[in-house]
file query_34.txt (compact mmCIF, C-alpha atoms)
# COMPACT_ATOMS: atom_id res chain seq x y z
CA MET A 1 112.62 114.80 112.48
CA LEU A 2 111.94 115.42 108.80
CA LYS A 3 111.16 112.48 106.54
CA LEU A 4 113.43 113.76 103.77
CA GLY A 5 114.90 112.25 100.62
CA LEU A 6 115.81 112.47 96.95
CA HIS A 7 114.96 110.85 93.66
CA VAL A 8 117.97 108.53 93.30
CA SER A 9 119.49 106.59 90.40
CA ILE A 10 119.15 102.80 90.00
CA SER A 11 122.24 102.67 87.75
CA GLY A 12 124.13 99.38 87.98
CA SER A 13 121.46 97.52 89.92
CA ILE A 14 118.20 98.62 91.50
CA ASP A 15 119.44 97.86 95.02
CA ARG A 16 122.23 100.42 94.54
CA ALA A 17 119.53 103.08 94.81
CA VAL A 18 119.22 102.25 98.51
CA ASP A 19 122.98 102.64 98.98
CA ARG A 20 122.92 106.02 97.22
CA ALA A 21 120.01 107.23 99.35
CA VAL A 22 121.81 106.23 102.55
CA GLU A 23 125.11 107.77 101.41
CA LYS A 24 123.34 111.10 100.82
CA GLY A 25 121.65 111.10 104.20
CA CYS A 26 118.09 110.31 103.12
CA ASN A 27 115.53 108.53 105.30
CA THR A 28 113.08 108.12 102.40
CA PHE A 29 113.66 108.08 98.62
CA GLN A 30 112.08 107.82 95.18
CA ILE A 31 113.16 105.84 92.10
CA PHE A 32 112.25 104.92 88.57
CA THR A 33 112.15 101.11 88.67
CA ARG A 34 113.66 101.03 85.16
CA ASN A 35 115.05 103.28 82.42
CA PRO A 36 112.47 106.11 82.34
CA ARG A 37 113.20 107.19 78.76
CA GLY A 38 111.97 104.11 76.89
CA TRP A 39 108.81 102.02 76.61
CA ARG A 40 110.43 98.65 77.11
CA SER A 41 111.73 97.26 80.38
CA ARG A 42 113.46 94.02 81.27
CA ASP A 43 112.08 91.89 84.05
CA LEU A 44 113.67 92.23 87.47
CA THR A 45 115.66 89.21 88.61
CA ARG A 46 114.87 87.49 91.88
CA GLU A 47 118.34 88.43 93.14
CA GLU A 48 117.76 92.13 92.39
CA VAL A 49 114.38 92.13 94.10
CA GLU A 50 115.70 90.35 97.20
CA ALA A 51 118.74 92.64 97.46
CA PHE A 52 116.55 95.75 97.19
CA ILE A 53 114.07 94.60 99.83
CA GLU A 54 116.85 93.46 102.20
CA LYS A 55 118.65 96.81 101.99
CA VAL A 56 115.47 98.84 102.54
CA GLU A 57 114.75 96.75 105.65
CA LYS A 58 118.36 96.84 106.85
CA PHE A 59 118.68 100.62 106.67
CA LYS A 60 115.04 101.25 107.74
CA ILE A 61 114.72 103.81 104.96
CA GLU A 62 111.05 104.22 104.16
CA PRO A 63 108.60 104.78 102.69
CA VAL A 64 109.97 104.17 99.21
CA PHE A 65 108.22 105.82 96.26
CA GLY A 66 108.24 104.58 92.68
CA HIS A 67 107.67 107.03 89.84
CA MET A 68 106.18 106.37 86.41
CA PRO A 69 108.57 106.79 83.42
CA TYR A 70 108.56 109.88 81.19
CA LEU A 71 106.83 108.59 78.03
CA PRO A 72 103.40 107.40 79.25
CA ASN A 73 100.49 109.82 78.85
CA LEU A 74 97.39 108.49 80.61
CA ALA A 75 95.27 111.28 79.09
CA SER A 76 96.40 110.80 75.49
CA PRO A 77 93.70 110.76 72.79
CA LYS A 78 96.10 108.83 70.54
CA ASP A 79 95.14 105.17 70.75
CA GLU A 80 98.61 103.64 70.37
CA THR A 81 100.22 106.00 72.90
CA TYR A 82 97.33 105.41 75.29
CA ARG A 83 97.55 101.62 74.96
CA ARG A 84 101.26 101.65 75.73
CA SER A 85 100.73 104.10 78.59
CA VAL A 86 98.17 101.84 80.28
CA GLU A 87 100.47 98.84 79.79
CA SER A 88 103.29 100.84 81.36
CA LEU A 89 101.10 101.70 84.36
CA ILE A 90 100.25 98.02 84.87
CA THR A 91 103.92 97.05 84.57
CA GLU A 92 105.01 99.68 87.09
CA LEU A 93 102.33 98.68 89.58
CA ARG A 94 103.49 95.06 89.29
CA ARG A 95 107.13 96.04 89.78
CA CYS A 96 106.21 98.02 92.90
CA VAL A 97 104.38 94.97 94.28
CA GLU A 98 107.49 92.84 93.59
CA LEU A 99 109.82 95.34 95.26
CA LYS A 100 107.44 96.01 98.18
CA ILE A 101 107.27 99.70 97.21
CA PRO A 102 104.02 101.03 98.73
CA TYR A 103 103.49 104.06 96.47
CA LEU A 104 103.69 104.80 92.73
CA VAL A 105 103.60 108.44 91.60
CA THR A 106 102.11 109.25 88.21
CA HIS A 107 101.74 112.41 86.19
CA LEU A 108 98.26 112.78 84.74
CA GLY A 109 99.41 113.72 81.26
CA SER A 110 98.05 115.95 78.50
CA HIS A 111 94.84 115.77 76.48
CA LEU A 112 96.84 117.25 73.55
CA GLY A 113 93.99 119.59 72.63
CA ALA A 114 91.22 116.97 72.69
CA GLY A 115 89.70 118.61 75.76
CA MET A 116 89.46 118.00 79.49
CA GLU A 117 86.47 115.67 79.17
CA ILE A 118 88.41 113.27 76.96
CA GLY A 119 91.46 113.58 79.23
CA PHE A 120 89.46 112.72 82.35
CA GLU A 121 87.77 109.79 80.64
CA ARG A 122 91.13 108.36 79.55
CA ILE A 123 92.80 108.80 82.96
CA ILE A 124 89.91 107.26 84.91
CA LYS A 125 89.76 104.29 82.55
CA ALA A 126 93.55 103.81 82.82
CA VAL A 127 93.56 103.94 86.62
CA ASN A 128 90.66 101.49 86.82
CA ARG A 129 92.35 99.08 84.44
CA GLY A 130 95.69 99.27 86.26
CA LEU A 131 94.30 98.78 89.75
CA SER A 132 91.91 96.02 88.65
CA GLU A 133 94.72 94.03 87.03
CA VAL A 134 97.28 94.41 89.82
CA GLU A 135 96.30 93.17 93.25
CA GLY A 136 98.21 94.34 96.30
CA ASN A 137 98.60 97.34 98.55
CA VAL A 138 100.38 99.73 96.16
CA MET A 139 98.74 103.14 96.24
CA LEU A 140 98.76 105.21 93.06
CA LEU A 141 99.59 108.85 93.79
CA LEU A 142 98.22 111.44 91.36
CA GLU A 143 100.68 114.33 91.02
CA ASN A 144 99.44 117.88 90.48
CA THR A 145 100.73 119.69 87.40
CA ALA A 146 101.85 123.26 86.76
CA GLY A 147 98.76 123.96 84.65
CA THR A 148 100.68 124.09 81.37
CA LYS A 149 98.67 124.08 78.14
CA ASN A 150 96.48 120.96 77.74
CA SER A 151 97.83 119.37 80.95
CA MET A 152 95.55 117.51 83.35
CA GLY A 153 95.64 117.91 87.13
CA GLY A 154 96.55 121.56 87.48
CA SER A 155 93.90 122.13 90.15
CA PHE A 156 92.77 120.31 93.28
CA GLU A 157 89.33 120.10 91.68
CA ASP A 158 90.78 118.17 88.71
CA ILE A 159 92.33 115.60 91.05
CA ARG A 160 89.12 115.29 93.10
CA TYR A 161 87.15 114.70 89.89
CA ILE A 162 89.34 111.67 89.12
CA ILE A 163 89.39 110.23 92.64
CA GLU A 164 85.60 110.49 92.95
CA ARG A 165 85.12 108.48 89.76
CA VAL A 166 87.67 105.66 90.02
CA ASP A 167 86.60 102.18 91.08
CA TYR A 168 89.24 101.89 93.81
CA PRO A 169 89.40 105.30 95.56
CA GLU A 170 91.03 103.71 98.61
CA ARG A 171 94.06 102.82 96.43
CA VAL A 172 94.46 106.35 95.03
CA GLY A 173 96.23 109.20 96.84
CA VAL A 174 97.93 112.50 96.03
CA CYS A 175 101.48 113.79 95.54
CA PHE A 176 101.70 117.57 95.86
CA ASP A 177 104.59 119.18 93.99
CA THR A 178 105.38 122.64 95.41
CA CYS A 179 106.85 123.96 92.13
CA HIS A 180 103.85 122.75 90.13
CA GLY A 181 101.39 124.04 92.72
CA PHE A 182 102.98 127.48 92.84
CA ALA A 183 103.14 127.73 89.03
CA ALA A 184 99.47 126.71 88.88
CA GLY A 185 98.46 129.54 91.22
CA TYR A 186 98.67 128.12 94.75
CA ASP A 187 100.74 130.64 96.73
CA LEU A 188 103.30 129.13 99.12
CA ARG A 189 105.37 132.15 100.14
CA THR A 190 103.79 133.31 103.40
CA MET A 191 102.51 131.30 106.36
CA GLU A 192 99.03 132.62 105.62
CA SER A 193 99.16 131.55 101.96
CA VAL A 194 100.61 128.11 102.82
CA GLU A 195 97.81 127.52 105.34
CA SER A 196 95.25 128.77 102.80
CA THR A 197 96.57 126.29 100.19
CA ILE A 198 96.46 123.45 102.72
CA LYS A 199 92.90 124.41 103.67
CA MET A 200 91.85 124.34 100.00
CA LEU A 201 93.48 120.94 99.50
CA ASP A 202 91.77 119.62 102.62
CA GLU A 203 88.36 120.95 101.63
CA VAL A 204 88.55 119.82 98.00
CA ILE A 205 90.39 116.49 98.23
CA GLY A 206 90.94 115.71 101.93
CA PHE A 207 94.35 116.18 103.55
CA GLU A 208 94.44 112.48 104.49
CA LYS A 209 94.77 111.66 100.77
CA LEU A 210 98.10 113.52 100.60
CA LYS A 211 100.92 110.98 101.01
CA LEU A 212 103.95 112.77 99.52
CA VAL A 213 105.29 116.27 98.89
CA HIS A 214 107.70 116.87 96.01
CA LEU A 215 109.71 119.72 97.51
CA ASN A 216 110.95 121.91 94.66
CA ASP A 217 111.39 125.64 94.19
CA SER A 218 110.01 127.24 91.02
CA LYS A 219 111.80 129.18 88.28
CA GLY A 220 108.43 130.53 87.17
CA GLY A 221 106.35 133.00 89.14
CA LEU A 222 102.98 132.47 90.82
CA ASN A 223 100.40 131.29 88.29
CA SER A 224 103.03 131.38 85.51
CA ARG A 225 102.09 127.86 84.30
CA ILE A 226 105.83 127.24 83.87
CA ASP A 227 107.03 123.77 84.96
CA ARG A 228 110.69 124.42 85.79
CA HIS A 229 112.15 123.23 89.08
CA GLU A 230 114.73 125.28 90.97
CA HIS A 231 117.05 124.68 93.93
CA ILE A 232 115.43 125.13 97.35
CA GLY A 233 115.20 128.84 98.20
CA MET A 234 116.77 129.97 94.90
CA GLY A 235 113.50 130.34 93.01
CA MET A 236 110.27 132.30 93.24
CA ILE A 237 108.97 130.51 96.34
CA GLY A 238 112.17 131.48 98.17
CA GLU A 239 113.72 130.56 101.50
CA GLU A 240 110.96 132.16 103.57
CA GLY A 241 108.38 130.21 101.61
CA PHE A 242 110.11 126.93 102.38
CA ARG A 243 110.46 127.86 106.07
CA ASN A 244 106.69 128.26 106.12
CA ILE A 245 106.05 125.07 104.14
CA LEU A 246 108.27 123.10 106.53
CA LYS A 247 106.54 124.56 109.61
CA SER A 248 103.14 123.56 108.25
CA ARG A 249 101.44 120.16 108.04
CA LEU A 250 103.16 119.68 104.67
CA GLY A 251 106.48 119.44 106.53
CA GLN A 252 105.22 116.43 108.49
CA LEU A 253 104.82 114.34 105.33
CA PRO A 254 107.55 112.52 103.37
CA LEU A 255 109.46 115.13 101.33
CA ILE A 256 111.24 114.20 98.10
CA LEU A 257 113.47 116.71 96.31
CA GLU A 258 113.66 116.76 92.49
CA THR A 259 115.91 119.80 92.23
CA PRO A 260 118.13 120.56 89.19
CA ILE A 261 121.37 118.72 88.45
CA ASP A 262 123.93 121.50 87.97
CA LYS A 263 127.03 123.04 89.53
CA ARG A 264 125.24 125.68 91.58
CA ARG A 265 124.24 123.30 94.35
CA SER A 266 124.43 119.53 94.91
CA ASP A 267 121.66 117.18 96.05
CA VAL A 268 123.28 116.91 99.48
CA GLU A 269 123.49 120.70 99.76
CA ASN A 270 119.79 120.97 98.91
CA LEU A 271 119.03 118.47 101.68
CA GLN A 272 121.17 120.54 104.06
CA LYS A 273 119.32 123.70 103.02
CA VAL A 274 115.95 122.08 103.79
CA ARG A 275 117.17 120.95 107.22
CA GLU A 276 118.54 124.42 107.90
CA LEU A 277 115.23 126.07 106.95
CA ALA A 278 113.35 123.59 109.11
CA GLY A 279 115.61 124.43 112.05
CA GLU A 280 117.18 120.98 112.24
CA THR A 281 120.73 122.28 111.75
CA GLU A 282 122.49 125.57 112.34
CA PRO A 283 122.62 127.85 109.24
call {"tool": "encode", "arguments": {"input": "query_34.txt", "output": "structure tokens"}}
result
Amino acid sequence: MLKLGLHVSISGSIDRAVDRAVEKGCNTFQIFTRNPRGWRSRDLTREEVEAFIEKVEKFKIEPVFGHMPYLPNLASPKDETYRRSVESLITELRRCVELKIPYLVTHLGSHLGAGMEIGFERIIKAVNRGLSEVEGNVMLLLENTAGTKNSMGGSFEDIRYIIERVDYPERVGVCFDTCHGFAAGYDLRTMESVESTIKMLDEVIGFEKLKLVHLNDSKGGLNSRIDRHEHIGMGMIGEEGFRNILKSRLGQLPLILETPIDKRRSDVENLQKVRELAGETEP
């Protein structure tokens, strides 16, 4: 059975995210632990934390994934942005510990033209600071990017470079986004190309480091460097590509959809499409 879920809203109260995930038929899910569009966050109340943990245990819906907010840029050469980004990472790690969320996904950010060397230095320093200040079992998952201009993490080699240089490599894993990977040049359309991509990931990083797949189709073509998610099977990876992805070792990992919010297809319909392509339901 697929371990399949969505990024769900925490609107109203963070424990409502669990209800929404269950209502939509998820058996795993991802959340922002706070408003993702601002720097500031209010502390979680004890009641909120207890309600969240109780519901996760009650519905046996796991693993849960936290995701860093939008504003932080761990590769930023701008001192004030970088300072706030590192503080945000520390805060999110602490919130995940509180909520018993085992994984926190982070984008690696942009060096803004300062160069890869500066970007790597900033990211490694940020990860070391965050993991040294927050004890616990939360694993930080580095998400691959689409290879857009100045972005960090567009290749498996970029991610390996970071993992090999952090102080706590055992607390750092990988989230592979299919849209980002495809846009960055990793073909996922045929069984042969999916297996080739998995082999590269295994040889460069180690497949055991991969803890989560963000399952998204791509509006941009192969190696387009365009970061635009599309509904499952409606983009350039296509239905056959996702059949092959789901048949592969990638399909055995937790799968979180971050597909568009529009009238063409709902979240639940995207989940149904994934199950159909995996052969779990009749087309």
call {"tool": "residues_around", "arguments": {"input": "query_34.txt", "residues": "A:Glu47", "least_positions_apart": "5", "cutoff": "12 Å", "atoms": "only C-alpha atoms", "output": "NGL selection string"}}
result
:A and (13-15 or 52-54 or 98-99)
call {"tool": "atom_distance", "arguments": {"input": "query_34.txt", "atom1": "atom CA of A:Ile205", "atom2": "atom CA of A:Ile159"}}
result
7.5 Å
call {"tool": "residues_around", "arguments": {"input": "query_34.txt", "residues": "A:Tyr103", "least_positions_apart": "2", "cutoff": "9 Å", "atoms": "all atoms listed in the file", "output": "list in words"}}
result
Pro63, Val64, Phe65, Gly66, His67, Leu93, Cys96, Ile101, Val105, Asn137, Val138, Met139, Leu140, Leu141, Gly173 and Lys211 of chain A
call {"tool": "closest_residue", "arguments": {"input": "query_34.txt", "among": "A:Arg225, A:Lys199, A:Lys78, A:Arg189", "to": "A:Gly241", "atoms": "all atoms listed in the file"}}
result
A:Arg189
call {"tool": "closest_residue", "arguments": {"input": "query_34.txt", "among": "A:Glu57, A:Glu50, A:Glu164, A:Asp43", "to": "A:Glu92", "atoms": "only C-alpha atoms"}}
result
A:Asp43
call {"tool": "axis_aligned_box", "arguments": {"input": "query_34.txt", "around": "stretch 37-47 of chain A", "padding_each_side": "5 Å", "output": "JSON"}}
result
{"center_x": 113.6, "center_y": 97.3, "center_z": 84.9, "size_x": 19.5, "size_y": 29.7, "size_z": 26.5}
call {"tool": "closest_residue", "arguments": {"input": "query_34.txt", "among": "A:Thr178, A:Ser132, A:Ser266, A:Ser11", "to": "A:Leu215", "atoms": "all atoms listed in the file"}}
result
A:Thr178
call {"tool": "closest_residue", "arguments": {"input": "query_34.txt", "among": "A:Gln30, A:Thr190, A:Asn73, A:Thr45", "to": "A:His214", "atoms": "all atoms listed in the file"}}
result
A:Gln30
call {"tool": "closest_residue", "arguments": {"input": "query_34.txt", "among": "A:Gly109, A:Gly221, A:Ser196, A:Asn216", "to": "A:Ser248", "atoms": "all atoms listed in the file"}}
result
A:Ser196
call {"tool": "residues_around", "arguments": {"input": "query_34.txt", "residues": "A:Cys179", "least_positions_apart": "6", "cutoff": "7 Å", "atoms": "only C-alpha atoms", "output": "PyMOL selection string"}}
result
chain A and resi 216-218+229
call {"tool": "residues_around", "arguments": {"input": "query_34.txt", "residues": "A:Ser9", "least_positions_apart": "2", "cutoff": "8 Å", "atoms": "only C-alpha atoms", "output": "list of chain:residue names"}}
result
A:His7, A:Ser11, A:Arg16, A:Ala17, A:Arg20, A:Ile31, A:Phe32
call {"tool": "closest_residue", "arguments": {"input": "query_34.txt", "among": "A:Gly12, A:Gly206, A:Gly279, A:Gly5", "to": "A:Asp267", "atoms": "all atoms listed in the file"}}
result
A:Gly5
call {"tool": "residues_around", "arguments": {"input": "query_34.txt", "residues": "A:Ile198", "least_positions_apart": "4", "cutoff": "10 Å", "atoms": "all atoms listed in the file", "output": "list in words"}}
result
Tyr186, Leu188, Glu192, Ser193, Val194, Asp202, Glu203, Val204, Gly206, Phe207, Ile245, Ser248, Arg249 and Leu250 of chain A
call {"tool": "atom_distance", "arguments": {"input": "query_34.txt", "atom1": "atom CA of A:Ile10", "atom2": "atom CA of A:Thr33"}}
result
7.3 Å
call {"tool": "atom_distance", "arguments": {"input": "query_34.txt", "atom1": "atom CA of A:Val18", "atom2": "atom CA of A:Leu253"}}
result
20.0 Å
call {"tool": "residues_near_point", "arguments": {"input": "query_34.txt", "point": "(96.2, 119.9, 77.4)", "cutoff": "8 Å", "atoms": "all atoms listed in the file", "output": "ChimeraX atom specification"}}
result
/A:109-116,148-152
